[in-house]
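File shown: query_15.txt (compact mmCIF, C-alpha atoms).
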# COMPACT_ATOMS: atom_id res chain seq x y z
CA MET P 1 0.00 0.00 0.00
CA SER P 2 1.60 3.21 -1.09
CA GLY P 3 1.05 6.39 0.82
CA ALA P 4 -0.64 7.09 4.08
CA SER P 5 -4.37 7.15 4.03
CA ARG P 6 -5.89 10.30 5.38
CA THR P 7 -9.57 9.86 4.95
CA SER P 8 -11.65 6.98 3.75
CA GLU P 9 -15.26 7.40 2.78
CA VAL P 10 -17.61 4.74 1.50
CA LEU P 11 -20.52 5.71 -0.70
CA GLU P 12 -23.34 3.39 -1.72
CA ILE P 13 -24.19 3.49 -5.41
CA THR P 14 -27.61 1.96 -5.90
CA THR P 15 -29.43 4.58 -7.95
CA THR P 16 -28.53 7.25 -10.51
CA ALA P 17 -28.60 9.70 -7.60
CA GLY P 18 -25.65 7.71 -6.24
CA VAL P 19 -23.70 8.44 -9.43
CA VAL P 20 -24.37 12.16 -9.00
CA GLN P 21 -23.30 11.93 -5.35
CA ALA P 22 -20.12 10.10 -6.35
CA ARG P 23 -19.25 12.91 -8.77
CA GLN P 24 -19.81 15.55 -6.11
CA GLN P 25 -17.75 13.69 -3.54
CA VAL P 26 -14.89 13.18 -5.99
CA ARG P 27 -15.03 16.86 -6.96
CA ALA P 28 -14.64 17.86 -3.31
CA LEU P 29 -11.70 15.47 -2.85
CA ALA P 30 -10.02 16.60 -6.07
CA GLN P 31 -10.22 20.20 -4.94
CA GLN P 32 -8.96 19.26 -1.50
CA CYS P 33 -5.78 17.75 -2.92
CA ARG P 34 -5.38 20.70 -5.30
CA LEU P 35 -5.53 18.88 -8.60
CA SER P 36 -5.43 21.20 -11.60
CA LEU P 37 -8.77 22.06 -13.17
CA VAL P 38 -8.11 19.73 -16.11
CA ASP P 39 -7.11 16.86 -13.83
CA GLN P 40 -10.17 17.49 -11.67
CA THR P 41 -12.39 17.22 -14.72
CA LYS P 42 -10.62 14.04 -15.85
CA LEU P 43 -10.92 12.36 -12.46
CA ILE P 44 -14.57 13.33 -12.02
CA THR P 45 -15.40 12.06 -15.49
CA ALA P 46 -13.60 8.76 -14.86
CA ALA P 47 -15.45 8.42 -11.54
CA SER P 48 -18.72 9.13 -13.31
CA GLU P 49 -18.08 6.39 -15.87
CA LEU P 50 -17.03 3.80 -13.30
CA ALA P 51 -19.85 4.66 -10.91
CA ARG P 52 -22.32 4.18 -13.74
CA ASN P 53 -20.69 0.86 -14.67
CA THR P 54 -21.04 -0.23 -11.05
CA LEU P 55 -24.73 0.65 -11.20
CA VAL P 56 -25.62 -0.59 -14.69
CA HIS P 57 -23.43 -3.67 -15.08
CA GLY P 58 -22.73 -4.54 -11.44
CA GLY P 59 -26.27 -3.95 -10.23
CA GLY P 60 -25.11 -1.41 -7.66
CA GLY P 61 -22.11 -1.30 -5.34
CA THR P 62 -19.87 1.04 -3.45
CA MET P 63 -17.26 3.71 -4.05
CA THR P 64 -14.47 3.96 -1.51
CA ALA P 65 -12.60 7.23 -1.70
CA LEU P 66 -9.17 7.75 -0.20
CA LEU P 67 -6.95 10.80 -0.04
CA LEU P 68 -3.29 9.82 -0.42
CA GLU P 69 -0.05 11.53 0.46
CA GLU P 70 3.30 10.21 -0.71
CA ARG P 71 6.66 11.97 -0.92
CA GLY P 72 5.04 15.37 -0.93
CA ARG P 73 2.58 14.38 -3.65
CA ARG P 74 -1.09 14.21 -2.99
CA GLY P 75 -3.55 12.07 -4.81
CA VAL P 76 -7.01 10.58 -4.80
CA ARG P 77 -7.68 6.86 -4.94
CA LEU P 78 -11.14 5.58 -5.73
CA ALA P 79 -12.28 1.98 -5.57
CA PHE P 80 -15.54 0.96 -7.23
CA ALA P 81 -16.72 -2.43 -6.08
CA ASP P 82 -19.76 -4.46 -7.05
CA ARG P 83 -20.94 -8.02 -6.58
CA GLY P 84 -22.32 -8.32 -10.07
CA PRO P 85 -21.67 -10.92 -12.76
CA GLY P 86 -18.03 -9.86 -13.23
CA ILE P 87 -16.28 -9.49 -16.58
CA ALA P 88 -15.69 -12.66 -18.56
CA ASP P 89 -13.26 -11.19 -21.10
CA VAL P 90 -11.25 -8.30 -19.66
CA ASP P 91 -9.39 -7.57 -22.91
CA LEU P 92 -12.64 -7.35 -24.82
CA ALA P 93 -14.22 -5.11 -22.14
CA LEU P 94 -11.23 -2.76 -22.42
CA THR P 95 -11.59 -2.51 -26.20
CA ASP P 96 -12.73 0.90 -27.43
CA GLY P 97 -16.27 0.78 -28.73
CA TRP P 98 -17.20 -2.62 -27.35
CA THR P 99 -20.23 -2.54 -25.09
CA SER P 100 -22.44 -5.13 -23.47
CA GLY P 101 -25.15 -2.53 -23.01
CA THR P 102 -26.37 0.45 -24.99
CA GLY P 103 -23.56 2.91 -24.21
CA MET P 104 -20.67 4.03 -26.40
CA GLY P 105 -18.32 1.35 -25.16
CA LEU P 106 -15.75 3.90 -24.06
CA GLY P 107 -16.42 4.13 -20.33
CA LEU P 108 -13.99 1.51 -19.04
CA SER P 109 -11.23 2.00 -21.62
CA GLY P 110 -11.68 5.77 -21.57
CA SER P 111 -11.45 6.11 -17.81
CA LYS P 112 -8.23 4.10 -17.91
CA ARG P 113 -6.75 6.87 -20.09
CA LEU P 114 -8.07 9.59 -17.77
CA VAL P 115 -6.18 8.48 -14.65
CA ASP P 116 -2.59 7.69 -13.65
CA ASP P 117 -3.21 4.25 -12.22
CA PHE P 118 -5.91 1.77 -13.17
CA VAL P 119 -6.37 -1.67 -11.63
CA LEU P 120 -9.19 -3.96 -12.74
CA ASP P 121 -9.92 -6.93 -10.54
CA THR P 122 -12.76 -9.16 -11.62
CA THR P 123 -14.00 -12.66 -10.97
CA PRO P 124 -16.77 -13.93 -13.23
CA GLY P 125 -19.81 -14.57 -11.06
CA ALA P 126 -18.40 -12.83 -8.00
CA GLY P 127 -18.04 -9.17 -8.89
CA THR P 128 -15.68 -6.48 -10.10
CA THR P 129 -13.49 -3.93 -8.37
CA VAL P 130 -11.89 -1.09 -10.29
CA THR P 131 -9.33 1.00 -8.44
CA ILE P 132 -8.10 4.25 -9.95
CA THR P 133 -5.58 6.81 -8.70
CA LYS P 134 -4.90 10.33 -9.84
CA TRP P 135 -1.86 12.20 -8.54
CA GLY P 136 -1.42 15.95 -8.24
CA ARG P 137 1.39 17.46 -10.28
CA MET Y 1 -62.00 -12.32 24.89
CA ALA Y 2 -59.59 -10.16 26.82
CA ASP Y 3 -59.49 -7.60 24.02
CA LYS Y 4 -63.19 -7.03 24.42
CA HIS Y 5 -62.86 -6.19 28.09
CA VAL Y 6 -59.90 -3.94 27.56
CA SER Y 7 -61.55 -2.02 24.75
CA GLU Y 8 -64.75 -1.71 26.80
CA ARG Y 9 -62.84 -0.33 29.75
CA LEU Y 10 -61.02 2.06 27.41
CA ILE Y 11 -64.27 3.27 25.90
CA GLY Y 12 -65.57 3.83 29.36
CA LEU Y 13 -62.60 5.98 30.20
CA LEU Y 14 -62.46 7.80 26.88
CA SER Y 15 -66.19 8.59 26.89
CA VAL Y 16 -66.55 9.57 30.51
CA ARG Y 17 -63.60 11.91 30.54
CA GLY Y 18 -63.90 12.69 26.83
CA GLU Y 19 -64.10 16.46 27.14
CA ASP Y 20 -61.19 16.77 29.59
CA LEU Y 21 -58.94 14.35 27.73
CA GLY Y 22 -59.72 15.92 24.37
CA ALA Y 23 -58.93 19.37 25.66
CA GLU Y 24 -55.68 18.25 27.28
CA TRP Y 25 -54.69 16.39 24.13
CA ALA Y 26 -55.29 19.47 21.98
CA GLU Y 27 -53.37 21.55 24.53
CA ARG Y 28 -50.30 19.34 24.32
CA VAL Y 29 -50.37 19.07 20.52
CA THR Y 30 -50.83 22.81 20.02
CA GLY Y 31 -47.89 23.43 22.35
CA SER Y 32 -45.64 21.03 20.45
CA LEU Y 33 -46.44 22.72 17.14
CA GLY Y 34 -45.17 26.04 18.42
CA GLY Y 35 -48.34 27.93 17.54
CA ARG Y 36 -47.94 27.33 13.82
CA VAL Y 37 -51.36 25.73 13.66
CA ALA Y 38 -54.35 27.46 15.27
CA ARG Y 39 -55.70 25.91 18.45
CA ALA Y 40 -59.21 25.70 16.98
CA GLU Y 41 -57.85 23.84 13.93
CA VAL Y 42 -55.97 21.34 16.08
CA GLU Y 43 -59.05 20.80 18.26
CA ARG Y 44 -61.23 20.14 15.24
CA GLU Y 45 -58.76 17.63 13.79
CA LEU Y 46 -58.23 15.84 17.07
CA ARG Y 47 -61.94 15.73 17.96
CA GLU Y 48 -62.63 13.92 14.69
CA ILE Y 49 -59.85 11.45 15.34
CA TYR Y 50 -61.01 11.01 18.95
CA THR Y 51 -64.58 10.25 17.88
CA ALA Y 52 -63.39 7.81 15.21
CA LEU Y 53 -61.07 6.15 17.75
CA VAL Y 54 -63.87 5.58 20.26
CA ALA Y 55 -66.10 4.26 17.48
CA ALA Y 56 -63.37 1.84 16.39
CA LEU Y 57 -62.85 0.63 19.97
CA ALA Y 58 -66.57 0.06 20.22
CA ASP Y 59 -66.14 -2.60 17.57
CA GLY Y 60 -64.05 -4.45 20.14
CA SER Y 61 -60.84 -4.36 18.14
CA LEU Y 62 -57.42 -3.14 19.25
CA ASP Y 63 -55.65 -3.85 15.95
CA GLY Y 64 -54.51 -0.56 14.40
CA HIS Y 65 -54.19 -2.20 11.00
CA GLY Y 66 -57.69 -3.70 11.22
CA GLU Y 67 -60.81 -2.78 9.33
CA ALA Y 68 -62.39 -1.10 12.33
CA PHE Y 69 -59.68 1.57 12.32
CA GLY Y 70 -60.13 2.48 8.65
CA GLU Y 71 -61.78 5.78 9.53
CA VAL Y 72 -59.06 6.62 12.06
CA ARG Y 73 -56.35 5.88 9.50
CA ALA Y 74 -58.10 8.02 6.90
CA LEU Y 75 -58.18 10.97 9.31
CA LEU Y 76 -54.57 10.41 10.31
CA THR Y 77 -53.58 10.28 6.64
CA GLU Y 78 -55.17 13.66 6.10
CA LEU Y 79 -53.53 15.14 9.18
CA SER Y 80 -50.14 13.70 8.28
CA ARG Y 81 -50.33 14.91 4.67
CA ASN Y 82 -51.22 18.42 5.80
CA ARG Y 83 -48.36 18.52 8.29
CA ALA Y 84 -45.90 17.21 5.70
CA LEU Y 85 -46.99 19.79 3.12
CA GLN Y 86 -46.81 22.58 5.70
CA GLY Y 87 -43.20 21.64 6.43
CA PHE Y 88 -43.51 20.19 9.93
CA THR Y 89 -40.96 17.60 11.06
CA PRO Y 90 -41.86 13.91 11.43
CA THR Y 91 -41.68 14.34 15.22
CA GLU Y 92 -44.09 17.25 15.20
CA THR Y 93 -46.42 15.17 13.08
CA ALA Y 94 -46.30 11.95 15.09
CA VAL Y 95 -46.61 13.77 18.39
CA SER Y 96 -50.27 14.35 17.56
CA VAL Y 97 -50.81 10.64 18.14
CA PHE Y 98 -48.30 9.99 20.88
CA ALA Y 99 -49.52 12.91 22.98
CA LEU Y 100 -52.73 11.00 23.66
CA LYS Y 101 -50.66 8.34 25.40
CA GLN Y 102 -49.21 10.92 27.77
CA VAL Y 103 -52.64 12.34 28.41
CA LEU Y 104 -54.02 8.95 29.37
CA GLU Y 105 -51.05 7.89 31.43
CA PRO Y 106 -52.09 9.48 34.75
CA SER Y 107 -55.53 7.87 34.74
CA LEU Y 108 -54.41 4.42 33.61
CA ALA Y 109 -50.97 3.87 35.04
CA GLY Y 110 -51.67 5.32 38.49
CA GLU Y 111 -51.98 3.36 41.73
CA ASP Y 112 -55.33 1.78 41.09
CA GLY Y 113 -54.96 2.17 37.34
CA ASP Y 114 -55.66 -0.33 34.66
CA VAL Y 115 -52.17 -1.29 33.52
CA GLU Y 116 -53.38 -3.90 31.08
CA ALA Y 117 -55.68 -1.45 29.33
CA TYR Y 118 -52.92 1.14 29.24
CA LEU Y 119 -50.42 -1.24 27.68
CA GLU Y 120 -52.91 -2.40 25.06
CA PHE Y 121 -53.84 1.15 24.23
CA ALA Y 122 -50.19 2.22 24.11
CA GLY Y 123 -49.52 -0.55 21.60
CA LEU Y 124 -52.43 0.63 19.49
CA LEU Y 125 -51.20 4.22 19.56
CA ASP Y 126 -47.70 3.06 18.59
CA THR Y 127 -49.15 1.39 15.52
CA LEU Y 128 -51.14 4.47 14.61
CA GLY Y 129 -48.14 6.73 15.27
CA LEU Y 130 -45.93 4.67 12.96
CA PHE Y 131 -48.67 4.77 10.37
CA THR Y 132 -48.66 8.55 10.61
CA ILE Y 133 -44.90 8.69 10.05
CA GLU Y 134 -45.21 6.37 7.07
CA VAL Y 135 -47.79 8.63 5.46
CA TYR Y 136 -45.60 11.60 6.26
CA ALA Y 137 -42.59 10.05 4.51
CA ARG Y 138 -44.69 9.04 1.52
CA THR Y 139 -46.04 12.58 1.17
CA ARG Y 140 -42.55 14.05 1.31
CA GLU Y 141 -41.37 11.60 -1.35
CA GLU Y 142 -44.25 12.63 -3.61
CA LEU Y 143 -43.31 16.25 -3.00
CA ILE Y 144 -39.69 15.63 -3.92
CA SER Y 145 -40.49 13.80 -7.14
CA ALA Y 146 -42.94 16.54 -8.11
CA GLN Y 147 -40.22 19.13 -7.52
CA ALA Y 148 -37.74 17.10 -9.55
CA GLU Y 149 -40.18 17.18 -12.44
CA GLN Y 150 -40.67 20.92 -12.10
CA LEU Y 151 -36.92 21.40 -12.04
CA LEU Y 152 -36.64 19.39 -15.24
CA GLU Y 153 -39.01 21.84 -16.93
CA LEU Y 154 -37.37 24.89 -15.41
CA SER Y 155 -33.84 24.02 -16.30
CA THR Y 156 -34.30 23.64 -20.05
CA PRO Y 157 -35.21 26.94 -21.65
CA VAL Y 158 -34.92 27.45 -25.39
CA VAL Y 159 -34.09 31.04 -26.30
CA LYS Y 160 -34.11 32.91 -29.58
CA LEU Y 161 -30.64 34.35 -30.18
CA TRP Y 162 -31.23 35.88 -33.61
CA ASP Y 163 -33.61 35.48 -36.51
CA ASN Y 164 -33.50 31.78 -37.38
CA VAL Y 165 -31.02 31.02 -34.59
CA ILE Y 166 -32.11 29.39 -31.33
CA GLY Y 167 -30.01 28.66 -28.29
CA VAL Y 168 -30.34 25.90 -25.71
CA PRO Y 169 -28.29 26.71 -22.61
CA LEU Y 170 -27.84 23.53 -20.59
CA VAL Y 171 -27.17 23.70 -16.87
CA GLY Y 172 -26.42 20.70 -14.69
CA THR Y 173 -26.19 17.10 -15.75
CA LEU Y 174 -27.74 15.44 -18.79
CA ASP Y 175 -29.49 12.16 -18.12
CA SER Y 176 -32.00 10.37 -20.31
CA ALA Y 177 -34.98 12.21 -18.82
CA ARG Y 178 -33.35 15.64 -19.26
CA THR Y 179 -32.29 14.77 -22.81
CA MET Y 180 -35.85 13.85 -23.71
CA VAL Y 181 -37.14 17.21 -22.47
CA VAL Y 182 -34.31 19.18 -24.10
CA MET Y 183 -34.74 17.38 -27.40
CA GLU Y 184 -38.52 17.84 -27.43
CA LYS Y 185 -38.31 21.54 -26.58
CA MET Y 186 -35.56 22.22 -29.08
CA LEU Y 187 -37.25 20.40 -31.96
CA GLN Y 188 -40.53 22.17 -31.21
CA ALA Y 189 -38.75 25.53 -31.11
CA LEU Y 190 -37.11 24.78 -34.46
CA ILE Y 191 -40.58 24.26 -35.97
CA ASP Y 192 -42.19 27.21 -34.19
CA THR Y 193 -39.51 29.73 -35.12
CA GLY Y 194 -38.59 28.22 -38.47
CA SER Y 195 -34.96 28.31 -37.38
CA GLU Y 196 -32.25 26.48 -39.23
CA GLN Y 197 -29.51 26.98 -36.66
CA ALA Y 198 -29.50 25.66 -33.12
CA ILE Y 199 -26.75 26.21 -30.57
CA ILE Y 200 -26.49 23.89 -27.58
CA ASP Y 201 -24.40 25.58 -24.92
CA ILE Y 202 -22.84 23.25 -22.35
CA THR Y 203 -20.97 25.86 -20.32
CA GLY Y 204 -23.16 24.94 -17.34
CA VAL Y 205 -22.62 21.19 -17.67
CA PRO Y 206 -19.88 20.30 -15.18
CA THR Y 207 -19.04 16.82 -16.46
CA VAL Y 208 -19.20 15.47 -19.99
CA ASP Y 209 -18.88 11.71 -19.77
CA THR Y 210 -19.83 9.13 -22.35
CA GLU Y 211 -23.48 9.17 -21.30
CA VAL Y 212 -23.77 12.97 -21.61
CA ALA Y 213 -21.88 12.87 -24.93
CA GLN Y 214 -24.15 10.15 -26.26
CA HIS Y 215 -27.22 12.21 -25.33
CA LEU Y 216 -25.73 15.32 -26.95
CA LEU Y 217 -24.99 13.42 -30.15
CA LYS Y 218 -28.55 12.06 -30.28
CA THR Y 219 -29.96 15.57 -29.86
CA VAL Y 220 -27.76 16.91 -32.66
CA VAL Y 221 -28.75 14.05 -34.98
CA ALA Y 222 -32.44 14.69 -34.27
CA ALA Y 223 -32.03 18.39 -35.14
CA ARG Y 224 -30.25 17.47 -38.36
CA LEU Y 225 -33.05 15.13 -39.35
CA MET Y 226 -35.31 18.17 -39.22
CA GLY Y 227 -33.00 20.07 -41.51
CA ALA Y 228 -31.39 22.25 -38.88
CA GLU Y 229 -27.71 22.67 -38.19
CA CYS Y 230 -26.55 22.22 -34.65
CA THR Y 231 -23.48 23.69 -32.96
CA ILE Y 232 -22.24 22.74 -29.52
CA SER Y 233 -20.61 25.57 -27.60
CA GLY Y 234 -19.04 25.99 -24.19
CA ILE Y 235 -16.34 23.33 -24.55
CA ARG Y 236 -13.84 24.23 -21.83
CA PRO Y 237 -10.18 23.10 -21.95
CA GLY Y 238 -10.69 20.39 -19.32
CA ILE Y 239 -13.71 19.02 -21.11
CA ALA Y 240 -11.93 19.04 -24.48
CA GLN Y 241 -9.02 17.03 -23.05
CA THR Y 242 -11.39 14.66 -21.28
CA ILE Y 243 -13.36 14.02 -24.45
CA VAL Y 244 -10.14 13.25 -26.33
CA ALA Y 245 -8.91 10.90 -23.58
CA LEU Y 246 -12.24 9.11 -23.48
CA GLY Y 247 -12.02 8.67 -27.24
CA ILE Y 248 -15.41 10.21 -27.98
CA ASP Y 249 -15.80 11.12 -31.64
CA PHE Y 250 -17.97 14.15 -32.32
CA GLY Y 251 -17.61 13.53 -36.03
CA ASP Y 252 -18.44 16.50 -38.23
CA ILE Y 253 -20.44 18.29 -35.53
CA VAL Y 254 -19.32 21.89 -35.20
CA THR Y 255 -18.12 22.67 -31.68
CA LYS Y 256 -17.01 26.04 -30.32
CA ALA Y 257 -15.35 27.24 -27.14
CA THR Y 258 -17.83 29.99 -26.38
CA LEU Y 259 -21.42 30.86 -27.14
CA ALA Y 260 -20.19 34.05 -28.89
CA ASP Y 261 -18.10 31.98 -31.33
CA ALA Y 262 -21.05 29.71 -31.99
CA LEU Y 263 -23.36 32.67 -32.62
CA ARG Y 264 -20.87 34.20 -35.05
CA HIS Y 265 -20.68 30.86 -36.87
CA ALA Y 266 -24.47 30.55 -36.98
CA LEU Y 267 -24.87 34.10 -38.30
CA ARG Y 268 -22.35 33.43 -41.05
CA ARG Y 269 -24.18 30.23 -41.98
CA THR Y 270 -27.50 32.06 -42.20
CA GLY Y 271 -25.97 34.74 -44.43
CA ASN Y 272 -25.76 37.54 -41.88
CA THR Y 273 -22.65 39.63 -41.60
CA VAL Y 274 -21.52 41.34 -38.47
CA SER Y 275 -19.38 44.41 -38.99
CA ARG Y 276 -17.79 46.80 -36.59
CA THR Y 277 -18.17 50.54 -37.03
CA ALA Y 278 -16.85 53.40 -35.00
CA PRO Y 279 -18.65 53.59 -31.63
CA GLN Y 280 -21.38 56.19 -31.72
CA ALA Y 281 -20.85 58.10 -28.55
CA GLY Y 282 -23.97 59.47 -26.94
CA ALA Y 283 -26.24 58.33 -29.74
CA ARG Y 284 -29.34 56.60 -28.51
Please lay out the structure from this file as structure tokens.
Amino acid sequence: MSGASRTSEVLEITTTAGVVQARQQVRALAQQCRLSLVDQTKLITAASELARNTLVHGGGGTMTALLLEERGRRGVRLAFADRGPGIADVDLALTDGWTSGTGMGLGLSGSKRLVDDFVLDTTPGAGTTVTITKWGR
Amino acid sequence: MADKHVSERLIGLLSVRGEDLGAEWAERVTGSLGGRVARAEVERELREIYTALVAALADGSLDGHGEAFGEVRALLTELSRNRALQGFTPTETAVSVFALKQVLEPSLAGEDGDVEAYLEFAGLLDTLGLFTIEVYARTREELISAQAEQLLELSTPVVKLWDNVIGVPLVGTLDSARTMVVMEKMLQALIDTGSEQAIIDITGVPTVDTEVAQHLLKTVVAARLMGAECTISGIRPGIAQTIVALGIDFGDIVTKATLADALRHALRRTGNTVSRTAPQAGAR
């Protein structure tokens, strides 16, 4: 585990209101660790995508937000966890334009490009956890 | 049946001391509401409930969910709805029921009191009190969803920017419901004004993710199908970089950084020219 955790908040995502709440919480955290405006927007957008994935594909779950501090750098780590069906083919799911629903198929692959660190942990039948980190410059 | 005896004894008490108890009940409830409801109003409400309560007990039942208490529940529903709409707290609403318990306590739980009757009656009032809170919560939920709908209407104006140019300033987030309203209003405005240029301004949209982008694209395509050209304005630097990183393709849709740029573009497309002349000082 890199960095000392400062705060850890868990948010339930069970409705679209949860997605909105997730965005607002991430915005507050991003401002707190003084990310640039562009980085704030990127992180919030990635959080929005992953929160919606948790809701739509995972059938609801949680977002755990953590403020990190490491060698003078500050960052935000977000973990989106659900107990849904999991992802059978991770490579396929991370392909631009591929979707199992009605979206654009860019949410998962796109959010990977929006953050510094992206870890996808999934077990078919048991759920998915996506952990992302964005560091301040 | 024990219930029968208990309810008979309760009726006895409630009828004999009816006036006193009713007055004390109204007194307590009025006090708890901080004078925001007139004493006469509270008395009228409570007297109706009181009468219905005694009538229900006369049926020999002590089950708050039972048929005998239908009238009581109807009255409580009305009371609870009114309180919820007037902005009282759940406590202030439920106290109307629970206060009766306190009023009866001295006469039933005293030295030679009827503890059994008191306990039975307390249980009944608990049921009715919880029912009141349930109605209260339901009313508030209805209120909130009604407000959400109003907000949906409020937050999507379509404005005329120039002859044949309409503007749709979006504020907040774009979900499917919002998109439907925006699209409907914009397409109708295109027909009504005979416009051929529409500008969707997303300056007030804080996050453009794939869902928002997808909704925007659908709106633009719908406008095009009606023969109008659509420009998206208000793309801030952060949003531009995010859209690129996400890999969203806006295709041949014209996008501009500011509403002013978009208006200039729309004017050019409709054959208007904007020229600058020397400022006319003082001329009105």
Give me the residues of stretch 16-54 of chain P that have any atom at most 9 Å from an atom of stretch 120-136 of chain P; for each, the nearest atom pair and the distance in Å, rounded to one decimal. Use all atoms listed in the file, sort by chain and number, and format it as a tab-separated table.
residue	atom	partner	partner_atom	distance
P:Ala30	CA	P:Gly136	CA	8.9
P:Cys33	CA	P:Gly136	CA	7.1
P:Arg34	CA	P:Gly136	CA	6.8
P:Leu35	CA	P:Gly136	CA	5.1
P:Ser36	CA	P:Gly136	CA	7.4
P:Asp39	CA	P:Lys134	CA	8.0
P:Leu43	CA	P:Lys134	CA	6.9
P:Ala46	CA	P:Ile132	CA	8.6
P:Ala47	CA	P:Ile132	CA	8.6
P:Leu50	CA	P:Val130	CA	7.7
P:Thr54	CA	P:Thr128	CA	8.3
9 Å contacts from chain P to chain Y using all atoms listed in the file, as a VMD selection string: chain P and resid 20 23 37 to 42 44 to 46 48 to 49 96 103 to 114
Write the residues of the preceding selection, restricted to C-alpha atoms, as a PDB file, keeping the file's coordinate frame.
ATOM      1  CA  VAL P  20     -24.370  12.160  -9.000  1.00  0.00           C
ATOM      2  CA  ARG P  23     -19.250  12.910  -8.770  1.00  0.00           C
ATOM      3  CA  LEU P  37      -8.770  22.060 -13.170  1.00  0.00           C
ATOM      4  CA  VAL P  38      -8.110  19.730 -16.110  1.00  0.00           C
ATOM      5  CA  ASP P  39      -7.110  16.860 -13.830  1.00  0.00           C
ATOM      6  CA  GLN P  40     -10.170  17.490 -11.670  1.00  0.00           C
ATOM      7  CA  THR P  41     -12.390  17.220 -14.720  1.00  0.00           C
ATOM      8  CA  LYS P  42     -10.620  14.040 -15.850  1.00  0.00           C
ATOM      9  CA  ILE P  44     -14.570  13.330 -12.020  1.00  0.00           C
ATOM     10  CA  THR P  45     -15.400  12.060 -15.490  1.00  0.00           C
ATOM     11  CA  ALA P  46     -13.600   8.760 -14.860  1.00  0.00           C
ATOM     12  CA  SER P  48     -18.720   9.130 -13.310  1.00  0.00           C
ATOM     13  CA  GLU P  49     -18.080   6.390 -15.870  1.00  0.00           C
ATOM     14  CA  ASP P  96     -12.730   0.900 -27.430  1.00  0.00           C
ATOM     15  CA  GLY P 103     -23.560   2.910 -24.210  1.00  0.00           C
ATOM     16  CA  MET P 104     -20.670   4.030 -26.400  1.00  0.00           C
ATOM     17  CA  GLY P 105     -18.320   1.350 -25.160  1.00  0.00           C
ATOM     18  CA  LEU P 106     -15.750   3.900 -24.060  1.00  0.00           C
ATOM     19  CA  GLY P 107     -16.420   4.130 -20.330  1.00  0.00           C
ATOM     20  CA  LEU P 108     -13.990   1.510 -19.040  1.00  0.00           C
ATOM     21  CA  SER P 109     -11.230   2.000 -21.620  1.00  0.00           C
ATOM     22  CA  GLY P 110     -11.680   5.770 -21.570  1.00  0.00           C
ATOM     23  CA  SER P 111     -11.450   6.110 -17.810  1.00  0.00           C
ATOM     24  CA  LYS P 112      -8.230   4.100 -17.910  1.00  0.00           C
ATOM     25  CA  ARG P 113      -6.750   6.870 -20.090  1.00  0.00           C
ATOM     26  CA  LEU P 114      -8.070   9.590 -17.770  1.00  0.00           C
TER      27      LEU P 114
END
Interatomic distance, atom CA of Y:Val181 to atom CA of Y:Trp162 (Å, one decimal):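 Going from atom CA of Y:Val181 over to atom CA of Y:Trp162 covers 22.5 Å.
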Separation of atom CA of Y:Glu24 from atom CA of Y:Thr89 in Å: 21.9 Å
Non-local contacts of Y:Gln102 (10 Å; all atoms listed in the file; under 2 positions in same chain excluded) as a list in words: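 Near Y:Gln102, the qualifying residues are Glu24, Trp25, Arg28, Val97, Phe98, Ala99, Leu100, Leu104, Glu105, Pro106, Ser107 and Ala122 of chain Y.
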Proximity to Y:Leu216 - best of Y:Leu174, Y:Thr203, Y:Asp114, Y:Ala198, all atoms listed in the file: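 Among Y:Leu174, Y:Thr203, Y:Asp114, Y:Ala198, it is Y:Leu174 that comes nearest to Y:Leu216.
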Pairwise distance for atom CA of Y:Arg269 and atom CA of Y:Glu229, rounded to one decimal in Å: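 Pair atom CA of Y:Arg269 / atom CA of Y:Glu229 returns 9.2 Å.
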Who sits within 6 Å of P:Gly58, all atoms listed in the file, same chain under 3 positions skipped, as number ranges by chain: P: 54-55, 82, 84
Selection: 9 Å around stretch 164-172 of chain Y, only C-alpha atoms, excl. self and same-chain fewer than 2 positions, as a ChimeraX atom specification: /Y:155-162,174,182,186,189-190,193-207,259,263,266-267,270
Point (-21.2, 9.0, -5.5), cut-off 12 Å, counting only C-alpha atoms, residues as a short mmCIF file (atom, residue, chain, number, x, y, z; two decimals) with C-alpha atoms, in the coordinates of the input:
data_model
loop_
_atom_site.label_atom_id
_atom_site.label_comp_id
_atom_site.auth_asym_id
_atom_site.auth_seq_id
_atom_site.Cartn_x
_atom_site.Cartn_y
_atom_site.Cartn_z
CA GLU P 9 -15.26 7.40 2.78
CA VAL P 10 -17.61 4.74 1.50
CA LEU P 11 -20.52 5.71 -0.70
CA GLU P 12 -23.34 3.39 -1.72
CA ILE P 13 -24.19 3.49 -5.41
CA THR P 14 -27.61 1.96 -5.90
CA THR P 15 -29.43 4.58 -7.95
CA THR P 16 -28.53 7.25 -10.51
CA ALA P 17 -28.60 9.70 -7.60
CA GLY P 18 -25.65 7.71 -6.24
CA VAL P 19 -23.70 8.44 -9.43
CA VAL P 20 -24.37 12.16 -9.00
CA GLN P 21 -23.30 11.93 -5.35
CA ALA P 22 -20.12 10.10 -6.35
CA ARG P 23 -19.25 12.91 -8.77
CA GLN P 24 -19.81 15.55 -6.11
CA GLN P 25 -17.75 13.69 -3.54
CA VAL P 26 -14.89 13.18 -5.99
CA ARG P 27 -15.03 16.86 -6.96
CA ALA P 28 -14.64 17.86 -3.31
CA LEU P 29 -11.70 15.47 -2.85
CA ILE P 44 -14.57 13.33 -12.02
CA THR P 45 -15.40 12.06 -15.49
CA ALA P 47 -15.45 8.42 -11.54
CA SER P 48 -18.72 9.13 -13.31
CA GLU P 49 -18.08 6.39 -15.87
CA LEU P 50 -17.03 3.80 -13.30
CA ALA P 51 -19.85 4.66 -10.91
CA ARG P 52 -22.32 4.18 -13.74
CA THR P 54 -21.04 -0.23 -11.05
CA LEU P 55 -24.73 0.65 -11.20
CA GLY P 60 -25.11 -1.41 -7.66
CA GLY P 61 -22.11 -1.30 -5.34
CA THR P 62 -19.87 1.04 -3.45
CA MET P 63 -17.26 3.71 -4.05
CA THR P 64 -14.47 3.96 -1.51
CA ALA P 65 -12.60 7.23 -1.70
CA LEU P 78 -11.14 5.58 -5.73
CA ALA P 79 -12.28 1.98 -5.57
CA PHE P 80 -15.54 0.96 -7.23
#
